[in-house]
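Please read the structure below before turning to the comments.
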Amino acid sequence: MKFADFPQSIIKENVDYSVKEITNVIKKYGPRESGNENCLAAQKHIKKEMDTFCDETSFESYKMSPKAFLQWTKFVSTAIIIAVVVCGCLALSSVITMFLAQCIVCGVVGVGLLITVIEFLMYKQFMDVLYKNVEGHNLLGVRKPSGEVKKRIIISGHIDSAYEWRHIYYGKKFPLMGICMSATIGGAIISFIISVIAIIANFVNMGSFGSFMNEYSYFFHFFTALAMVTLFLFIDFKTISPGANDNLTGTYAAVTALRMLDMAGIDFENTEVCAMITDGEEAGLRGCKQWAKDHYDEYVNSGVETAVLCVDTLADLEYLNVYNRDMTGTVKHDPKFSQLVMDAAIEAGHNDLKFANVFFGSSDAAAFTQAGITATCLAAMDPAPADYYHNRRDNYDRLVPEAIKTGFDVIISTILKFDREGLGE
């Protein structure tokens, strides 16, 4: 079957269903911190729905530290502020030498930048050992084919919602996020470079430049310390986004993909279709990382051609794209599957999608790709970022049915095209 033959009334009905269910989930279960009881209760609610149109549904649990992924912002900012202010005051009071002060600041800022790269750029579970573990859950629903399973496509969305990013919430009409993050990261990098030069200047004759670096460069570190105050205030761990768009729209894209196939009476001969509802995306892709690790052999070595389409936010229609680059541009998704999704969008009558890059942050698709599993990402969110991103404004009153509908078109078309053609040679 091609998309043109799929009943449009079913897609429209499921858009309405999704809007209603997203509203219901938020009202009933509230914000859903990674790994908390609200997340699991919402997943159980969805499982009960999926039991009516899936051949089987199941949970898998794992351990994670939900705050470890972003708690480094508090740790790093505090350490740099203390190092700069205390060492600066001691150096100005002649208790320690300026050389020693520069060495300490260089070390602390260097470690801070390393933690930032490992945690936020590479999404490694570096800080987790310092924090308490909780139990997270991934939910899988499966529609089996009538015959032997030769192909498998998984539509995935995460159900957990994010801690509030204050810069975006309070900077609705002002680019507070860009200014603060530029000052924080830029200041740290410059401070590190300055301190390295100042240290070298103690051993190498650099003339007047070396004298200037030794005598005055430390004062720039105070600017960095001031910028670090904004990093310390960046995450509000007490306030959690309702997560209507990010990412209940992706969650229900996965759920309704199977529901729509059931309503249309479509049973594939050799293609298994799955809906995966993950937890822990906002905690550093923890749920998908664990799932990819546990199911690698099944998805890569079983002889069943498998592809994962992660859907993350269907809200800003003008930014509906296939994100074939991820994790701040460091991960490149499977080109064949990314092209298949793009071609499926065209078959569904949506010719304006582009290949795009998740240039700040990451989607669950990156966890699959890093593990060697075929994946790509479909999303529709203003990369500025949107004013509702990771804050309390992301509520059910900000849902955009037209964007949800277009995303559902692309997803159904992708499933149908994958069944017909697979990824090819």
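We name chains A, B, ... following the order of the structure tokens; residues begin at 1 in each chain, and ligands are numbered from 1 as shown.
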
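Neighbouring residues of Ala198 (chain A) at 9 Å or closer, counting only C-alpha atoms and skipping chain neighbours under 6 positions away, are Phe99, Gln102, Cys103, Gly210, Ser211, Phe212, Met213, Asn214, Glu215, Ser217 and Tyr218 of chain A.
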
Quick one: which region 197-273 of chain A residues come within 9 Å of region 160-163 of chain A, and what is the nearest atom pair for each with the distance in Å to one decimal, counting only C-alpha atoms, rows ordered by chain and ascending number, as JSON lines?
```
{"residue": "A:Ile235", "atom": "CA", "partner": "A:Tyr163", "partner_atom": "CA", "distance": 6.6}
{"residue": "A:Asp236", "atom": "CA", "partner": "A:Tyr163", "partner_atom": "CA", "distance": 6.2}
{"residue": "A:Phe237", "atom": "CA", "partner": "A:Tyr163", "partner_atom": "CA", "distance": 5.5}
{"residue": "A:Lys238", "atom": "CA", "partner": "A:Tyr163", "partner_atom": "CA", "distance": 7.4}
{"residue": "A:Thr239", "atom": "CA", "partner": "A:Tyr163", "partner_atom": "CA", "distance": 6.0}
{"residue": "A:Ile240", "atom": "CA", "partner": "A:Tyr163", "partner_atom": "CA", "distance": 4.4}
{"residue": "A:Ser241", "atom": "CA", "partner": "A:Ala162", "partner_atom": "CA", "distance": 5.5}
{"residue": "A:Pro242", "atom": "CA", "partner": "A:Ser161", "partner_atom": "CA", "distance": 6.5}
{"residue": "A:Gly243", "atom": "CA", "partner": "A:Ser161", "partner_atom": "CA", "distance": 4.9}
{"residue": "A:Ala244", "atom": "CA", "partner": "A:Ser161", "partner_atom": "CA", "distance": 8.5}
{"residue": "A:Asp246", "atom": "CA", "partner": "A:Ser161", "partner_atom": "CA", "distance": 6.8}
{"residue": "A:Asn247", "atom": "CA", "partner": "A:Ser161", "partner_atom": "CA", "distance": 6.9}
{"residue": "A:Leu248", "atom": "CA", "partner": "A:Asp160", "partner_atom": "CA", "distance": 8.4}
```

Neighbour list for Met260 (chain A) as a ChimeraX atom specification, cut-off 10 Å, only C-alpha atoms, skip fewer than 5 positions in-chain: /A:6-7,10-11,13-14,53,255,265-266,408,412

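The nearest approach to Val410 (chain A) among the residues A:Ala371, A:Val358, A:Val76, A:Leu309, with only C-alpha atoms taken into account, belongs to A:Leu309.
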
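One distance worth recording is that between CA of Pro31 (chain A) and CA of Leu176 (chain A), which is 24.4 Å.
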
Who sits within 12 Å of region 416-424 of chain A, only C-alpha atoms, same chain under 2 positions skipped, as a PyMOL selection string: chain A and resi 1-6+145+149-154+257-258+260-261+266-273+304-309+334-348+374-375+409-414

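Among the candidates A:Ile179, A:Ala227, A:Cys106, A:Cys310, the one nearest to Ile197 (chain A) when counting only C-alpha atoms is A:Cys106.
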
Which of region 30-92 of chain A DSSP labels strand (DSSP E), written as a ChimeraX atom specification: /A:56-64

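Closest approach to Val229 (chain A) from the set A:Lys332, A:Lys124, A:Lys74, A:Arg392 is made by A:Lys74, with distances taken over only C-alpha atoms.
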
Taking only residues of region 107-217 of chain A that have an atom at most 12 Å from an atom of region 32-39 of chain A, what is each one's shortest atom pair and its distance in Å to one decimal, using only C-alpha atoms, in chain and number order, as a Markdown table?
```
| residue | atom | partner | partner_atom | distance |
| --- | --- | --- | --- | --- |
| A:Lys132 | CA | A:Gly35 | CA | 11.6 |
| A:Asn133 | CA | A:Gly35 | CA | 9.2 |
| A:Val134 | CA | A:Gly35 | CA | 6.1 |
| A:Glu135 | CA | A:Gly35 | CA | 5.7 |
| A:Gly136 | CA | A:Gly35 | CA | 4.4 |
| A:His137 | CA | A:Gly35 | CA | 7.2 |
| A:Asn138 | CA | A:Gly35 | CA | 10.1 |
| A:Leu139 | CA | A:Cys39 | CA | 11.0 |
| A:His158 | CA | A:Ser34 | CA | 9.8 |
| A:Ile159 | CA | A:Cys39 | CA | 6.7 |
| A:Asp160 | CA | A:Arg32 | CA | 5.1 |
| A:Ser161 | CA | A:Arg32 | CA | 5.2 |
| A:Ala162 | CA | A:Glu33 | CA | 6.7 |
| A:Tyr163 | CA | A:Glu33 | CA | 7.4 |
| A:Glu164 | CA | A:Glu33 | CA | 10.7 |
```

For those residues, write N, CA, C and O atoms to a file as a short mmCIF file (atom, residue, chain, number, x, y, z; two decimals), in the first residue's frame.
```cif
data_model
loop_
_atom_site.label_atom_id
_atom_site.label_comp_id
_atom_site.auth_asym_id
_atom_site.auth_seq_id
_atom_site.Cartn_x
_atom_site.Cartn_y
_atom_site.Cartn_z
N LYS A 132 22.29 9.15 43.16
CA LYS A 132 21.42 8.03 43.47
C LYS A 132 20.72 7.52 42.22
O LYS A 132 20.24 8.29 41.40
N ASN A 133 20.66 6.20 42.09
CA ASN A 133 19.96 5.57 40.97
C ASN A 133 18.47 5.43 41.24
O ASN A 133 18.06 5.24 42.39
N VAL A 134 17.68 5.54 40.19
CA VAL A 134 16.26 5.23 40.26
C VAL A 134 15.97 4.24 39.13
O VAL A 134 16.81 4.01 38.26
N GLU A 135 14.79 3.67 39.13
CA GLU A 135 14.42 2.70 38.10
C GLU A 135 13.63 3.39 37.00
O GLU A 135 12.58 3.99 37.25
N GLY A 136 14.15 3.31 35.80
CA GLY A 136 13.43 3.81 34.63
C GLY A 136 12.83 2.65 33.86
O GLY A 136 13.20 1.48 34.06
N HIS A 137 11.90 2.96 32.97
CA HIS A 137 11.20 1.90 32.22
C HIS A 137 11.05 2.29 30.75
O HIS A 137 10.76 3.45 30.43
N ASN A 138 11.24 1.32 29.89
CA ASN A 138 10.94 1.46 28.46
C ASN A 138 9.77 0.54 28.13
O ASN A 138 9.72 -0.60 28.61
N LEU A 139 8.85 1.04 27.34
CA LEU A 139 7.65 0.29 26.96
C LEU A 139 7.68 0.00 25.47
O LEU A 139 7.94 0.90 24.66
N HIS A 158 9.92 9.64 23.49
CA HIS A 158 10.18 9.58 24.93
C HIS A 158 9.07 10.27 25.71
O HIS A 158 8.53 11.29 25.28
N ILE A 159 8.75 9.70 26.87
CA ILE A 159 7.62 10.19 27.66
C ILE A 159 8.04 11.12 28.78
O ILE A 159 7.22 11.87 29.31
N ASP A 160 9.31 11.10 29.16
CA ASP A 160 9.75 11.97 30.26
C ASP A 160 9.85 13.42 29.78
O ASP A 160 10.06 13.69 28.59
N SER A 161 9.68 14.35 30.72
CA SER A 161 9.78 15.76 30.38
C SER A 161 10.95 16.40 31.12
O SER A 161 11.49 15.82 32.07
N ALA A 162 11.32 17.59 30.69
CA ALA A 162 12.59 18.18 31.10
C ALA A 162 12.48 19.06 32.34
O ALA A 162 11.43 19.64 32.62
N TYR A 163 13.60 19.17 33.05
CA TYR A 163 13.72 20.20 34.06
C TYR A 163 13.69 21.56 33.36
O TYR A 163 14.13 21.70 32.22
N GLU A 164 13.17 22.56 34.04
CA GLU A 164 13.02 23.87 33.39
C GLU A 164 14.37 24.55 33.17
O GLU A 164 15.21 24.60 34.08
#
```

DSSP alpha helix (DSSP H) selection over region 25-214 of chain A, as a PyMOL selection string: chain A and resi 25-29+37-50+68-92+98-116+166-170+176-201+207-214

Interatomic distance, CA of Tyr319 (chain A) to CA of Asp279 (chain A) (Å, one decimal): 24.7 Å

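Nearest residue to Val85 (chain A), choosing from A:Ile155, A:Val142, A:Ala365, A:Val105 and counting only C-alpha atoms: A:Val105.
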
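Across A:Met263, A:Ala386, A:Met381, A:Ala83, the tightest approach to Cys54 (chain A) is made by A:Met263 when counting only C-alpha atoms.
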
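Nearest-residue note for Glu21 (chain A): choosing from A:Ala275, A:Ala283, A:Ala253, A:Val111, the minimum distance belongs to A:Ala253, counting only C-alpha atoms.
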
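CA of Val331 (chain A) to CA of Gly178 (chain A) spans 22.9 Å [interatomic distance, one decimal].
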
Contact residues around Lys47 (chain A) with only C-alpha atoms at 9 Å, ignoring same-chain residues under 4 positions, as a PyMOL selection string: chain A and resi 42-43+51-52+57-58+139-141

Output file for the residues above (C-alpha atoms, as a PDB file, in the first residue's frame):
```
ATOM      1  CA  ALA A  42       1.682   7.501  32.224  1.00  0.00           C
ATOM      2  CA  GLN A  43       3.388   4.562  30.497  1.00  0.00           C
ATOM      3  CA  ASP A  51      -3.057  -3.634  24.515  1.00  0.00           C
ATOM      4  CA  THR A  52      -6.190  -3.154  22.396  1.00  0.00           C
ATOM      5  CA  THR A  57       3.263  -5.093  24.943  1.00  0.00           C
ATOM      6  CA  SER A  58       6.039  -5.267  27.507  1.00  0.00           C
ATOM      7  CA  LEU A 139       7.646   0.294  26.960  1.00  0.00           C
ATOM      8  CA  LEU A 140       7.380  -1.621  23.683  1.00  0.00           C
ATOM      9  CA  GLY A 141       4.261  -2.425  21.694  1.00  0.00           C
TER      10      GLY A 141
END
```
